[in-house]
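Shown next: target-v7.txt, given as compact mmCIF, C-alpha atoms and all ligand atoms.
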# COMPACT_ATOMS: atom_id res chain seq x y z
CA MET A 1 0.00 0.00 0.00
CA LYS A 2 1.89 3.05 -1.28
CA THR A 3 1.55 6.22 0.77
CA THR A 4 2.82 9.66 -0.21
CA TYR A 5 3.07 12.67 2.10
CA TYR A 6 2.19 16.14 0.81
CA GLY A 7 2.73 18.19 3.98
CA GLN A 8 0.63 19.16 7.03
CA SER A 9 -1.92 16.28 7.29
CA THR A 10 -2.16 15.56 3.57
CA LEU A 11 -1.49 11.96 2.53
CA MET A 12 -2.31 9.89 -0.53
CA ILE A 13 -2.87 6.20 0.16
CA GLU A 14 -3.04 3.94 -2.90
CA THR A 15 -4.96 0.75 -2.24
CA GLU A 16 -7.07 -1.73 -4.19
CA GLY A 17 -6.42 0.24 -7.38
CA LYS A 18 -7.77 3.47 -5.87
CA LYS A 19 -6.08 6.69 -4.78
CA LEU A 20 -7.36 8.05 -1.46
CA LEU A 21 -6.34 11.60 -0.62
CA PHE A 22 -6.65 12.74 3.00
CA ASP A 23 -7.14 16.39 4.08
CA PRO A 24 -5.80 18.28 1.04
CA PHE A 25 -3.84 21.40 2.06
CA ILE A 26 -1.11 21.94 -0.50
CA THR A 27 -1.24 25.25 -2.40
CA PRO A 28 -1.12 27.49 0.72
CA ASN A 29 1.89 25.55 2.04
CA PRO A 30 5.16 27.10 0.78
CA ALA A 31 6.98 23.83 1.58
CA ALA A 32 4.70 21.98 -0.89
CA LYS A 33 4.93 24.51 -3.74
CA ASP A 34 6.35 21.94 -6.18
CA ILE A 35 3.24 19.73 -5.95
CA ASP A 36 0.77 20.17 -8.82
CA ILE A 37 -2.60 19.52 -7.18
CA HIS A 38 -4.28 18.80 -10.51
CA SER A 39 -1.88 15.94 -11.24
CA LEU A 40 -2.92 14.09 -8.07
CA LYS A 41 -6.22 12.80 -9.50
CA PRO A 42 -7.54 10.99 -6.42
CA ASP A 43 -10.52 8.64 -6.70
CA ASP A 44 -11.67 9.58 -3.22
CA ILE A 45 -10.92 12.46 -0.84
CA LEU A 46 -11.36 11.87 2.90
CA VAL A 47 -11.83 14.98 5.02
CA SER A 48 -11.42 14.83 8.80
CA HIS A 49 -12.80 18.30 9.61
CA GLY A 50 -13.43 21.74 8.16
CA HIS A 51 -10.37 23.80 9.08
CA GLY A 52 -8.51 25.49 6.26
CA ASP A 53 -5.34 23.50 6.82
CA HIS A 54 -7.35 20.36 5.91
CA VAL A 55 -9.70 21.56 3.15
CA ALA A 56 -7.85 24.40 1.36
CA ASP A 57 -7.58 22.44 -1.91
CA LEU A 58 -10.62 20.20 -1.44
CA VAL A 59 -12.95 21.90 -3.92
CA ALA A 60 -10.25 22.51 -6.57
CA ILE A 61 -8.97 18.93 -6.47
CA GLN A 62 -12.49 17.48 -6.44
CA LYS A 63 -13.38 19.56 -9.50
CA SER A 64 -10.30 18.53 -11.48
CA SER A 65 -10.53 14.85 -10.51
CA GLY A 66 -14.23 14.15 -10.01
CA ALA A 67 -13.25 12.38 -6.78
CA LYS A 68 -15.85 11.17 -4.33
CA VAL A 69 -15.56 13.08 -1.04
CA ILE A 70 -16.02 11.12 2.19
CA CYS A 71 -16.69 13.34 5.21
CA ILE A 72 -19.07 14.11 8.05
CA ALA A 73 -22.65 14.98 7.12
CA GLU A 74 -22.29 18.75 7.74
CA ILE A 75 -19.29 19.02 5.41
CA ALA A 76 -21.12 16.90 2.81
CA ASN A 77 -23.97 19.40 3.08
CA TRP A 78 -21.55 22.35 2.66
CA LEU A 79 -20.08 20.70 -0.45
CA GLY A 80 -23.58 19.95 -1.76
CA LYS A 81 -24.36 23.68 -1.78
CA GLN A 82 -21.39 24.10 -4.13
CA GLY A 83 -22.67 21.39 -6.44
CA ILE A 84 -20.29 18.73 -5.15
CA GLU A 85 -21.79 15.40 -4.21
CA ALA A 86 -20.22 13.85 -1.14
CA HIS A 87 -20.70 10.74 0.95
CA GLY A 88 -21.75 11.99 4.37
CA MET A 89 -21.08 9.86 7.43
CA ASN A 90 -21.08 10.42 11.16
CA ILE A 91 -19.06 9.37 14.19
CA GLY A 92 -19.23 5.65 14.90
CA GLY A 93 -20.56 4.75 11.47
CA GLY A 94 -18.74 2.69 8.86
CA PHE A 95 -19.39 2.08 5.18
CA ASN A 96 -18.05 -0.42 2.66
CA PHE A 97 -16.63 1.46 -0.32
CA GLU A 98 -15.09 -0.13 -3.47
CA PHE A 99 -11.60 0.13 -1.94
CA GLY A 100 -12.62 -1.19 1.48
CA ARG A 101 -14.28 -0.05 4.66
CA VAL A 102 -14.07 3.34 6.32
CA LYS A 103 -15.22 3.89 9.89
CA MET A 104 -15.54 7.42 11.20
CA VAL A 105 -14.27 7.79 14.75
CA ASN A 106 -14.17 10.51 17.35
CA ALA A 107 -11.60 13.30 17.43
CA VAL A 108 -11.44 15.91 20.16
CA HIS A 109 -10.99 19.24 18.37
CA SER A 110 -13.26 21.80 16.67
CA SER A 111 -14.55 22.16 13.11
CA THR A 112 -15.62 25.27 11.22
CA MET A 113 -15.44 25.65 7.45
CA PRO A 114 -13.25 28.46 6.01
CA ASP A 115 -16.40 30.53 5.29
CA GLY A 116 -17.61 30.20 8.90
CA ALA A 117 -20.21 27.48 8.22
CA SER A 118 -20.41 24.62 10.70
CA GLY A 119 -18.22 21.65 9.91
CA GLY A 120 -20.12 19.45 12.38
CA ASN A 121 -17.89 17.45 14.67
CA PRO A 122 -14.24 16.76 13.89
CA ALA A 123 -13.46 13.14 13.06
CA GLY A 124 -10.80 10.55 12.45
CA PHE A 125 -11.01 7.48 10.24
CA VAL A 126 -10.13 3.82 10.45
CA LEU A 127 -9.41 2.48 6.96
CA TYR A 128 -9.73 -1.27 6.37
CA SER A 129 -8.29 -1.95 2.92
CA GLY A 130 -5.68 -4.04 1.14
CA GLY A 131 -5.44 -6.36 4.15
CA LYS A 132 -4.36 -3.44 6.37
CA LYS A 133 -5.96 -1.39 9.12
CA ILE A 134 -4.92 2.22 9.30
CA TYR A 135 -6.02 4.84 11.84
CA TYR A 136 -5.98 8.39 10.50
CA ALA A 137 -6.54 10.39 13.69
CA GLY A 138 -7.25 13.80 12.13
CA ASP A 139 -6.67 16.78 14.41
CA THR A 140 -7.23 15.57 17.94
CA ALA A 141 -6.26 15.77 21.55
CA LEU A 142 -5.23 12.65 23.39
CA THR A 143 -8.56 11.04 24.31
CA TYR A 144 -9.71 7.91 26.10
CA ASP A 145 -11.87 7.12 23.05
CA MET A 146 -8.66 5.95 21.37
CA LYS A 147 -8.82 2.94 23.71
CA LEU A 148 -11.83 1.73 21.70
CA LEU A 149 -9.34 0.89 18.91
CA ALA A 150 -7.06 -1.19 21.14
CA ASP A 151 -8.40 -4.53 19.85
CA GLU A 152 -8.47 -3.49 16.18
CA ASP A 153 -4.96 -4.83 15.55
CA LEU A 154 -4.02 -1.63 13.68
CA ASP A 155 -1.07 -1.79 11.28
CA TRP A 156 -0.37 1.96 11.15
CA ALA A 157 -1.61 5.17 12.72
CA VAL A 158 -1.31 8.69 11.30
CA LEU A 159 -1.07 11.11 14.24
CA PRO A 160 -0.77 14.86 14.68
CA ILE A 161 2.32 15.66 16.75
CA GLY A 162 2.83 19.43 16.38
CA ASP A 163 1.24 20.55 19.69
CA ASN A 164 -0.68 23.83 20.16
CA TYR A 165 -3.74 22.79 18.04
CA THR A 166 -3.46 19.02 18.58
CA MET A 167 -1.53 16.44 20.55
CA GLY A 168 2.14 17.16 20.94
CA ILE A 169 4.85 14.54 20.92
CA ASP A 170 4.42 13.35 24.52
CA ASP A 171 0.65 12.86 24.20
CA ALA A 172 1.11 11.23 20.78
CA ILE A 173 3.49 8.73 22.38
CA LYS A 174 0.98 8.07 25.18
CA SER A 175 -1.81 7.60 22.61
CA THR A 176 -0.01 4.66 20.98
CA ASP A 177 -0.67 2.64 24.15
CA PHE A 178 -4.36 3.58 23.99
CA PHE A 179 -4.95 2.31 20.43
CA ASN A 180 -2.20 -0.28 20.62
CA CYS A 181 -0.12 0.39 17.50
CA LYS A 182 3.58 1.20 17.30
CA ASN A 183 3.89 2.06 13.59
CA ILE A 184 3.30 5.80 13.37
CA ILE A 185 3.37 8.44 10.67
CA GLY A 186 3.64 11.85 12.34
CA VAL A 187 1.82 14.78 10.69
CA HIS A 188 0.60 18.32 11.49
CA TYR A 189 3.96 19.84 12.43
CA ASP A 190 6.37 22.48 11.05
CA THR A 191 3.80 24.05 8.66
CA PHE A 192 3.38 27.13 10.89
CA PRO A 193 5.71 28.60 13.54
CA VAL A 194 3.39 27.56 16.42
CA ILE A 195 3.62 23.88 15.42
CA ALA A 196 7.35 23.79 14.72
CA ILE A 197 9.11 20.81 16.27
CA ASP A 198 12.68 19.65 16.72
CA LYS A 199 12.53 16.60 14.45
CA ASP A 200 15.65 14.92 15.81
CA GLU A 201 14.44 15.26 19.38
CA ALA A 202 10.96 14.02 18.39
CA VAL A 203 12.31 10.96 16.59
CA ALA A 204 14.57 10.16 19.55
CA LYS A 205 11.60 10.32 21.95
CA PHE A 206 9.47 8.02 19.79
CA ILE A 207 12.30 5.53 19.35
CA LYS A 208 12.98 5.53 23.09
CA ALA A 209 9.30 4.61 23.57
CA GLY A 210 9.69 1.65 21.19
CA ILE A 211 7.76 3.31 18.38
CA ASN A 212 8.53 2.98 14.67
CA ILE A 213 8.11 6.67 13.72
CA LYS A 214 8.08 8.06 10.19
CA LEU A 215 8.39 11.82 9.66
CA LEU A 216 8.22 11.96 5.88
CA ALA A 217 9.59 14.67 3.64
CA ILE A 218 7.07 16.34 1.35
CA GLY A 219 6.69 14.12 -1.70
CA GLU A 220 8.25 11.11 0.06
CA GLU A 221 6.62 7.69 -0.41
CA ILE A 222 6.57 4.66 1.85
CA GLU A 223 4.96 1.23 1.72
CA LEU A 224 2.56 0.59 4.58
NI NI V 301 -7.99 21.62 12.83
MN MN V 302 -5.24 21.34 11.57
Translate this file's structure into structure tokens.
Ligand code: NI
Ligand code: MN
Amino acid sequence: MKTTYYGQSTLMIETEGKKLLFDPFITPNPAAKDIDIHSLKPDDILVSHGHGDHVADLVAIQKSSGAKVICIAEIANWLGKQGIEAHGMNIGGGFNFEFGRVKMVNAVHSSTMPDGASGGNPAGFVLYSGGKKIYYAGDTALTYDMKLLADEDLDWAVLPIGDNYTMGIDDAIKSTDFFNCKNIIGVHYDTFPVIAIDKDEAVAKFIKAGINIKLLAIGEEIEL
């Protein structure tokens, strides 16, 4: 399962012949200026919540790709008003798509669209596809709800680690015991001054805690 990082919380996961793009925020990110959003051509776009650093390129990429958007009902409604059909879900619900199953899970955060409309509740996703189980946490605090995933036998988790708006490194490390997975892709750091991290120190802390941590460069690919 090939995964490519595009900065902030933006990832493309390729599975079962489909390209799934998570939380597209590329054009406003100077560090991602070499990425041509219209060449990405996802089949599906998964959106965790409505903040600009997760939806900045959502409409543009959907329009150039025709991708199906998978998101919470309020964001689906917001997209519907712009003529974009989306698959609305809500926390605790799962659905079997062509590429596999997606379950929407709780995130502790907030969610307002860039125009001030309600984004409903913020969410994370568990993706069951290609024989793998991947937890995409979205923007979230450390929360006991993560313990509900402890028996899922997750292969990978994508976690925010930048602090200030989400978990920082110490809470992210603690969270891996809650959902019981030690293969982590860290996201949501270094894009803005308030979420800057010392990468070497972060990696050392994760390794000391027995965690396989990946902090990918923009454009870098790994196999999950
Ligand atoms: Ni956010
Ligand atoms: Mn964010």
Write out as a PDB file with C-alpha atoms, keeping the file's coordinate frame the residues lying within 9 Å of Lys147 of chain A, counting all atoms listed in the file and excluding same-chain residues fewer than 2 positions away.
ATOM      1  CA  THR A 143      -8.560  11.040  24.310  1.00  0.00           C
ATOM      2  CA  TYR A 144      -9.710   7.910  26.100  1.00  0.00           C
ATOM      3  CA  ASP A 145     -11.870   7.120  23.050  1.00  0.00           C
ATOM      4  CA  LEU A 149      -9.340   0.890  18.910  1.00  0.00           C
ATOM      5  CA  ALA A 150      -7.060  -1.190  21.140  1.00  0.00           C
ATOM      6  CA  ASP A 151      -8.400  -4.530  19.850  1.00  0.00           C
ATOM      7  CA  SER A 175      -1.810   7.600  22.610  1.00  0.00           C
ATOM      8  CA  ASP A 177      -0.670   2.640  24.150  1.00  0.00           C
ATOM      9  CA  PHE A 178      -4.360   3.580  23.990  1.00  0.00           C
ATOM     10  CA  PHE A 179      -4.950   2.310  20.430  1.00  0.00           C
ATOM     11  CA  ASN A 180      -2.200  -0.280  20.620  1.00  0.00           C
TER      12      ASN A 180
END
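With the cut-off set to 7 Å and only C-alpha atoms and all ligand atoms counted, the residues surrounding ligand MN 302 (chain V) are His51, Asp53, His54, Asp139, Tyr165 and His188 of chain A.
Contact shell of Ser110 of chain A at 8 Å (all atoms listed in the file; same-chain neighbours under 3 positions omitted): His49, Asn121 and Pro122 of chain A.
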Contacts of segment 18-34 of chain A within 8 Å, all atoms listed in the file, excl. fewer than 2 positions in-chain, as a ChimeraX atom specification: /A:6-16,36-37,41-48,52-58,99,191,218
How about saving the chosen residues, C-alpha atoms kept, as a tab-separated table (two decimals), in the coordinates of the input?
chain	number	residue	atom	x	y	z
A	6	TYR	CA	2.19	16.14	0.81
A	7	GLY	CA	2.73	18.19	3.98
A	8	GLN	CA	0.63	19.16	7.03
A	9	SER	CA	-1.92	16.28	7.29
A	10	THR	CA	-2.16	15.56	3.57
A	11	LEU	CA	-1.49	11.96	2.53
A	12	MET	CA	-2.31	9.89	-0.53
A	13	ILE	CA	-2.87	6.20	0.16
A	14	GLU	CA	-3.04	3.94	-2.90
A	15	THR	CA	-4.96	0.75	-2.24
A	16	GLU	CA	-7.07	-1.73	-4.19
A	36	ASP	CA	0.77	20.17	-8.82
A	37	ILE	CA	-2.60	19.52	-7.18
A	41	LYS	CA	-6.22	12.80	-9.50
A	42	PRO	CA	-7.54	10.99	-6.42
A	43	ASP	CA	-10.52	8.64	-6.70
A	44	ASP	CA	-11.67	9.58	-3.22
A	45	ILE	CA	-10.92	12.46	-0.84
A	46	LEU	CA	-11.36	11.87	2.90
A	47	VAL	CA	-11.83	14.98	5.02
A	48	SER	CA	-11.42	14.83	8.80
A	52	GLY	CA	-8.51	25.49	6.26
A	53	ASP	CA	-5.34	23.50	6.82
A	54	HIS	CA	-7.35	20.36	5.91
A	55	VAL	CA	-9.70	21.56	3.15
A	56	ALA	CA	-7.85	24.40	1.36
A	57	ASP	CA	-7.58	22.44	-1.91
A	58	LEU	CA	-10.62	20.20	-1.44
A	99	PHE	CA	-11.60	0.13	-1.94
A	191	THR	CA	3.80	24.05	8.66
A	218	ILE	CA	7.07	16.34	1.35
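Relative to atom CA of Leu40 of chain A, atom CA of Asp190 of chain A is found at 22.9 Å.
Taking atom CA of Tyr135 of chain A and atom CA of Gln82 of chain A as endpoints, the distance between them is 29.4 Å.
In this structure, atom CA of Glu221 of chain A sits 29.8 Å away from atom CA of Gly93 of chain A.
For the residues A:Thr140, A:Lys132, A:Gln62, A:Gly17, ranking by smallest atom-to-atom distance to ligand NI 301 (chain V) using only C-alpha atoms and all ligand atoms places A:Thr140 first.
Of the listed residues (A:Val59, A:Val102, A:Cys181, A:Val108), A:Val108 comes nearest to ligand NI 301 (chain V); the distances count all atoms listed in the file.
Distances here use all atoms listed in the file; by that measure, the residue among A:Glu201, A:Asp171, A:Glu220, A:Asp163 closest to ligand NI 301 (chain V) is A:Asp163.
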